[in-house]
$ cat query_22.pdb   # PDB, C-alpha atoms
ATOM      1  CA  MET A1168     194.106   9.561-133.076
ATOM      2  CA  ARG A1169     194.222   7.460-129.910
ATOM      3  CA  ALA A1170     194.080   9.224-126.542
ATOM      4  CA  ALA A1171     193.422   8.584-122.834
ATOM      5  CA  VAL A1172     190.276  10.602-122.114
ATOM      6  CA  PHE A1173     188.983  11.389-118.616
ATOM      7  CA  HIS A1174     185.173  11.166-118.471
ATOM      8  CA  GLY A1175     184.764  11.058-114.694
ATOM      9  CA  ARG A1176     185.819   9.279-111.528
ATOM     10  CA  LYS A1177     187.356   5.900-112.383
ATOM     11  CA  ASP A1178     186.407   6.483-116.010
ATOM     12  CA  VAL A1179     189.399   6.989-118.308
ATOM     13  CA  ARG A1180     188.960   5.552-121.781
ATOM     14  CA  VAL A1181     191.606   4.981-124.438
ATOM     15  CA  GLU A1182     189.614   5.919-127.497
ATOM     16  CA  ASP A1183     189.727   7.370-130.985
ATOM     17  CA  VAL A1184     189.286  11.153-130.938
ATOM     18  CA  PRO A1185     189.721  13.839-133.591
ATOM     19  CA  SER A1186     193.237  15.141-134.140
ATOM     20  CA  PRO A1187     193.743  18.610-132.643
ATOM     21  CA  GLY A1188     194.281  20.088-136.110
ATOM     22  CA  ALA A1189     196.650  22.853-137.129
ATOM     23  CA  PRO A1190     198.307  25.012-134.467
ATOM     24  CA  GLY A1191     197.003  28.524-134.046
ATOM     25  CA  PRO A1192     199.032  31.674-133.404
ATOM     26  CA  GLY A1193     201.700  31.053-130.782
ATOM     27  CA  GLU A1194     201.106  27.292-130.760
ATOM     28  CA  VAL A1195     202.943  24.155-131.803
ATOM     29  CA  ARG A1196     201.604  20.679-132.412
ATOM     30  CA  ILE A1197     203.678  18.075-130.627
ATOM     31  CA  ASP A1198     203.681  14.547-132.012
ATOM     32  CA  VAL A1199     204.011  12.714-128.704
ATOM     33  CA  GLU A1200     206.694  10.025-128.402
ATOM     34  CA  TRP A1201     206.817   9.441-124.630
ATOM     35  CA  ALA A1202     204.396  10.291-121.844
ATOM     36  CA  ALA A1203     204.243   9.662-118.116
ATOM     37  CA  ILE A1204     201.327   9.450-115.722
ATOM     38  CA  CYS A1205     201.531  11.984-112.895
ATOM     39  CA  GLY A1206     200.241  11.407-109.394
ATOM     40  CA  THR A1207     197.755  14.184-110.165
ATOM     41  CA  ASP A1208     196.432  12.142-113.099
ATOM     42  CA  ALA A1209     196.032   9.122-110.820
ATOM     43  CA  ALA A1210     194.301  11.213-108.138
ATOM     44  CA  GLU A1211     191.963  12.703-110.725
ATOM     45  CA  TYR A1212     191.099   9.173-111.876
ATOM     46  CA  LEU A1213     190.492   7.898-108.325
ATOM     47  CA  HIS A1214     188.856  10.944-106.721
ATOM     48  CA  GLY A1215     187.958  13.454-109.457
ATOM     49  CA  PRO A1216     186.812  15.412-111.104
ATOM     50  CA  THR A1217     188.817  17.787-108.957
ATOM     51  CA  PHE A1218     190.625  19.754-111.659
ATOM     52  CA  VAL A1219     189.108  18.615-114.962
ATOM     53  CA  PRO A1220     186.250  20.964-115.949
ATOM     54  CA  LEU A1221     183.647  18.407-116.983
ATOM     55  CA  THR A1222     180.525  20.535-116.528
ATOM     56  CA  LYS A1223     181.500  24.200-116.892
ATOM     57  CA  PRO A1224     184.257  25.933-118.849
ATOM     58  CA  HIS A1225     187.561  26.525-117.078
ATOM     59  CA  ARG A1226     188.125  30.254-116.511
ATOM     60  CA  GLY A1227     191.601  30.194-118.078
ATOM     61  CA  SER A1228     191.409  27.671-120.890
ATOM     62  CA  GLY A1229     187.708  27.865-121.711
ATOM     63  CA  HIS A1230     187.747  24.057-122.039
ATOM     64  CA  LYS A1231     184.798  21.978-120.834
ATOM     65  CA  GLY A1232     184.006  18.301-120.998
ATOM     66  CA  PRO A1233     185.904  15.047-121.283
ATOM     67  CA  THR A1234     189.618  15.811-121.294
ATOM     68  CA  ILE A1235     192.741  14.112-122.596
ATOM     69  CA  LEU A1236     194.985  13.809-119.550
ATOM     70  CA  GLY A1237     198.765  14.131-119.438
ATOM     71  CA  HIS A1238     201.170  16.948-118.676
ATOM     72  CA  GLU A1239     204.417  14.941-118.565
ATOM     73  CA  PHE A1240     205.406  14.187-122.146
ATOM     74  CA  MET A1241     207.931  14.736-124.916
ATOM     75  CA  GLY A1242     207.707  14.566-128.646
ATOM     76  CA  ARG A1243     208.680  16.240-131.864
ATOM     77  CA  VAL A1244     207.264  19.419-133.287
ATOM     78  CA  GLY A1245     204.828  18.300-135.963
ATOM     79  CA  ALA A1246     203.623  21.755-137.018
ATOM     80  CA  VAL A1247     204.063  25.369-135.925
ATOM     81  CA  GLY A1248     201.710  28.341-135.856
ATOM     82  CA  ALA A1249     202.357  31.067-138.406
ATOM     83  CA  ASP A1250     204.134  33.326-135.906
ATOM     84  CA  VAL A1251     206.293  30.662-134.200
ATOM     85  CA  THR A1252     209.977  31.017-135.092
ATOM     86  CA  ARG A1253     211.737  29.351-132.129
ATOM     87  CA  PHE A1254     211.019  25.776-133.191
ATOM     88  CA  ALA A1255     211.351  23.782-136.399
ATOM     89  CA  VAL A1256     209.285  20.833-137.536
ATOM     90  CA  GLY A1257     210.952  17.639-136.323
ATOM     91  CA  GLU A1258     212.677  19.271-133.348
ATOM     92  CA  PRO A1259     212.421  17.269-130.081
ATOM     93  CA  VAL A1260     210.697  19.261-127.323
ATOM     94  CA  VAL A1261     209.088  19.037-123.919
ATOM     95  CA  SER A1262     206.248  21.220-122.755
ATOM     96  CA  GLY A1263     205.708  22.743-119.362
ATOM     97  CA  ALA A1264     202.326  22.122-117.794
ATOM     98  CA  GLY A1265     201.298  25.620-116.720
ATOM     99  CA  VAL A1266     199.996  28.277-119.068
ATOM    100  CA  SER A1267     199.674  31.904-117.955
ATOM    101  CA  CYS A1268     198.934  35.184-119.733
ATOM    102  CA  GLY A1269     202.419  36.668-119.326
ATOM    103  CA  THR A1270     201.118  40.231-119.032
ATOM    104  CA  CYS A1271     199.254  40.580-115.720
ATOM    105  CA  ASP A1272     200.933  41.936-112.565
ATOM    106  CA  TRP A1273     201.394  38.406-111.175
ATOM    107  CA  CYS A1274     203.064  37.187-114.356
ATOM    108  CA  LEU A1275     205.283  40.254-114.593
ATOM    109  CA  SER A1276     206.408  39.717-110.988
ATOM    110  CA  GLY A1277     207.333  36.092-111.740
ATOM    111  CA  ARG A1278     204.345  34.571-109.907
ATOM    112  CA  THR A1279     202.771  33.010-112.999
ATOM    113  CA  ASN A1280     200.998  30.389-110.883
ATOM    114  CA  LEU A1281     198.775  33.187-109.487
ATOM    115  CA  CYS A1282     197.703  34.445-112.922
ATOM    116  CA  SER A1283     193.896  34.627-113.100
ATOM    117  CA  SER A1284     194.084  33.066-116.581
ATOM    118  CA  TYR A1285     196.359  30.207-115.451
ATOM    119  CA  TYR A1286     195.531  26.706-116.606
ATOM    120  CA  THR A1287     197.264  23.345-116.758
ATOM    121  CA  ILE A1288     197.732  21.314-119.925
ATOM    122  CA  GLY A1289     196.267  17.845-119.446
ATOM    123  CA  LEU A1290     193.922  18.907-116.649
ATOM    124  CA  HIS A1291     192.175  22.126-117.686
ATOM    125  CA  THR A1292     192.580  21.442-121.407
ATOM    126  CA  HIS A1293     193.681  18.498-123.556
ATOM    127  CA  GLY A1294     197.088  17.043-122.769
ATOM    128  CA  GLY A1295     199.784  14.677-123.912
ATOM    129  CA  LEU A1296     198.362  11.196-123.309
ATOM    130  CA  ALA A1297     197.558  11.243-126.997
ATOM    131  CA  GLU A1298     199.276  10.952-130.343
ATOM    132  CA  HIS A1299     199.234  14.745-130.864
ATOM    133  CA  VAL A1300     198.683  17.781-128.652
ATOM    134  CA  LEU A1301     198.540  21.532-129.248
ATOM    135  CA  VAL A1302     200.450  23.645-126.725
ATOM    136  CA  PRO A1303     201.640  27.242-126.514
ATOM    137  CA  ALA A1304     205.146  27.473-127.989
ATOM    138  CA  ALA A1305     206.097  29.583-124.960
ATOM    139  CA  THR A1306     205.768  26.481-122.746
ATOM    140  CA  CYS A1307     208.221  24.419-124.822
ATOM    141  CA  VAL A1308     211.932  23.738-124.454
ATOM    142  CA  THR A1309     214.174  21.911-126.919
ATOM    143  CA  VAL A1310     215.429  18.511-125.747
ATOM    144  CA  PRO A1311     219.267  18.387-125.914
ATOM    145  CA  PRO A1312     220.702  15.730-128.263
ATOM    146  CA  ASP A1313     222.359  13.831-125.395
ATOM    147  CA  CYS A1314     219.104  13.502-123.415
ATOM    148  CA  GLU A1315     217.334  10.166-123.634
ATOM    149  CA  PRO A1316     213.806  10.825-125.028
ATOM    150  CA  ARG A1317     212.006   8.791-122.366
ATOM    151  CA  ALA A1318     213.933  10.676-119.675
ATOM    152  CA  ALA A1319     212.896  13.953-121.311
ATOM    153  CA  ALA A1320     209.267  13.012-120.652
ATOM    154  CA  LEU A1321     210.077  13.568-116.966
ATOM    155  CA  ALA A1322     211.332  17.137-117.513
ATOM    156  CA  GLN A1323     208.144  18.665-116.087
ATOM    157  CA  PRO A1324     208.188  16.795-112.749
ATOM    158  CA  LEU A1325     211.968  17.232-112.526
ATOM    159  CA  SER A1326     211.450  20.982-112.829
ATOM    160  CA  VAL A1327     209.021  20.757-109.882
ATOM    161  CA  ALA A1328     211.681  18.926-107.853
ATOM    162  CA  LEU A1329     214.346  21.501-108.739
ATOM    163  CA  HIS A1330     211.947  24.314-107.849
ATOM    164  CA  ALA A1331     211.277  22.693-104.464
ATOM    165  CA  LEU A1332     215.016  22.544-103.733
ATOM    166  CA  ALA A1333     215.445  26.171-104.804
ATOM    167  CA  ARG A1334     212.519  27.333-102.638
ATOM    168  CA  ALA A1335     213.932  25.435 -99.638
ATOM    169  CA  HIS A1336     217.368  27.084-100.099
ATOM    170  CA  ILE A1337     219.067  23.705 -99.689
ATOM    171  CA  GLN A1338     222.868  23.990 -99.753
ATOM    172  CA  PRO A1339     225.464  21.246-100.362
ATOM    173  CA  THR A1340     226.280  21.371 -96.638
ATOM    174  CA  SER A1341     222.608  20.804 -95.713
ATOM    175  CA  SER A1342     220.974  17.573 -94.659
ATOM    176  CA  LEU A1343     217.730  16.679 -96.360
ATOM    177  CA  ALA A1344     214.955  14.287 -95.398
ATOM    178  CA  VAL A1345     212.262  13.544 -97.944
ATOM    179  CA  VAL A1346     209.058  12.144 -96.490
ATOM    180  CA  GLY A1347     206.986  10.304 -99.045
ATOM    181  CA  VAL A1348     209.340   9.169-101.768
ATOM    182  CA  GLY A1349     206.897   8.742-104.623
ATOM    183  CA  GLY A1350     207.645  10.040-108.095
ATOM    184  CA  LEU A1351     208.383  13.645-107.090
ATOM    185  CA  GLY A1352     210.113  12.617-103.882
ATOM    186  CA  THR A1353     212.420  10.364-105.876
ATOM    187  CA  LEU A1354     213.238  13.211-108.267
ATOM    188  CA  ILE A1355     213.950  15.524-105.307
ATOM    189  CA  VAL A1356     216.351  12.937-103.867
ATOM    190  CA  ALA A1357     218.068  12.504-107.264
ATOM    191  CA  ALA A1358     218.364  16.272-107.771
ATOM    192  CA  ALA A1359     219.715  16.753-104.244
ATOM    193  CA  ALA A1360     222.260  13.955-104.710
ATOM    194  CA  ALA A1361     223.399  15.497-108.003
ATOM    195  CA  ARG A1362     224.045  18.729-106.104
ATOM    196  CA  GLY A1363     226.085  16.951-103.446
ATOM    197  CA  ILE A1364     223.504  17.296-100.679
TER     198      ILE A1364
END
$ encode --input "query_22.pdb" --output "structure tokens"
Amino acid sequence: MRAAVFHGRKDVRVEDVPSPGAPGPGEVRIDVEWAAICGTDAAEYLHGPTFVPLTKPHRGSGHKGPTILGHEFMGRVGAVGADVTRFAVGEPVVSGAGVSCGTCDWCLSGRTNLCSSYYTIGLHTHGGLAEHVLVPAATCVTVPPDCEPRAAALAQPLSVALHALARAHIQPTSSLAVVGVGGLGTLIVAAAAARGI
């Protein structure tokens, strides 16, 4: 399959790589239809490796070496692990970027980003700038039928924007200034406007 593989600073190659194979327990294979390039991907290209574990295994994912980038993508379920019942082959889905254990004290308290096993798809392990990617089924959400597929590829950064608004406790009566209206800033403005802010 074709994929965008990070080998080092200013070294991303679109190349033929082996398919990820069959999904394991708790996993789905997504056949990617749309993908976006995050500012983190661009920063990794220009200044990395900052996050990609090129020389030693990542403590959460165990991945090491050149890495397929991409954590903003949508596609259809191409295959499911034996114990996955939430998704059917052919179903359109998006995947979240963060993977946590779900059982530690941090996860149980809702602070999954502090999980000692936490890793990010497309940075700490292979991601969605490829034809196929394996992800935990727990990170996936079905794309509604009325959602444009290319818009669904932006579900992950939109969730970051919505989380930022929730953490800031912005109310419809509030005023909001966004400094630095790049990709995420634009999504924050759009989400705030949709809420009448």
$ residues_around --input "query_22.pdb" --residues "A:Ala1264" --least-positions-apart "3" --cutoff "6 Å" --atoms "all atoms listed in the file" --output "list in words"
His1238, Thr1287 and Ile1288 of chain A
$ closest_residue --input "query_22.pdb" --among "A:Cys1205, A:Gly1227, A:Thr1217, A:Val1302" --to "A:Ala1246" --atoms "all atoms listed in the file"
A:Val1302
$ resolve_selection --input "query_22.pdb" --expression "the PyMOL selection byres ((chain A and resi 1328-1342) around 8)" --output "list in words"
Pro1324, Leu1325, Ser1326, Val1327, Leu1343, Ala1344, Leu1351, Gly1352, Leu1354, Ile1355, Ala1358, Ala1359, Arg1362, Gly1363 and Ile1364 of chain A
$ residues_around --input "query_22.pdb" --residues "A:Pro1216" --least-positions-apart "4" --cutoff "7 Å" --atoms "only C-alpha atoms" --output "PyMOL selection string"
chain A and resi 1175-1176+1211
$ residues_around --input "query_22.pdb" --residues "A:Gly1191" --least-positions-apart "5" --cutoff "12 Å" --atoms "only C-alpha atoms" --output "list in words"
Arg1196, Ala1246, Val1247, Gly1248, Ala1249, Asp1250, Val1251, Leu1301, Val1302, Pro1303 and Ala1304 of chain A
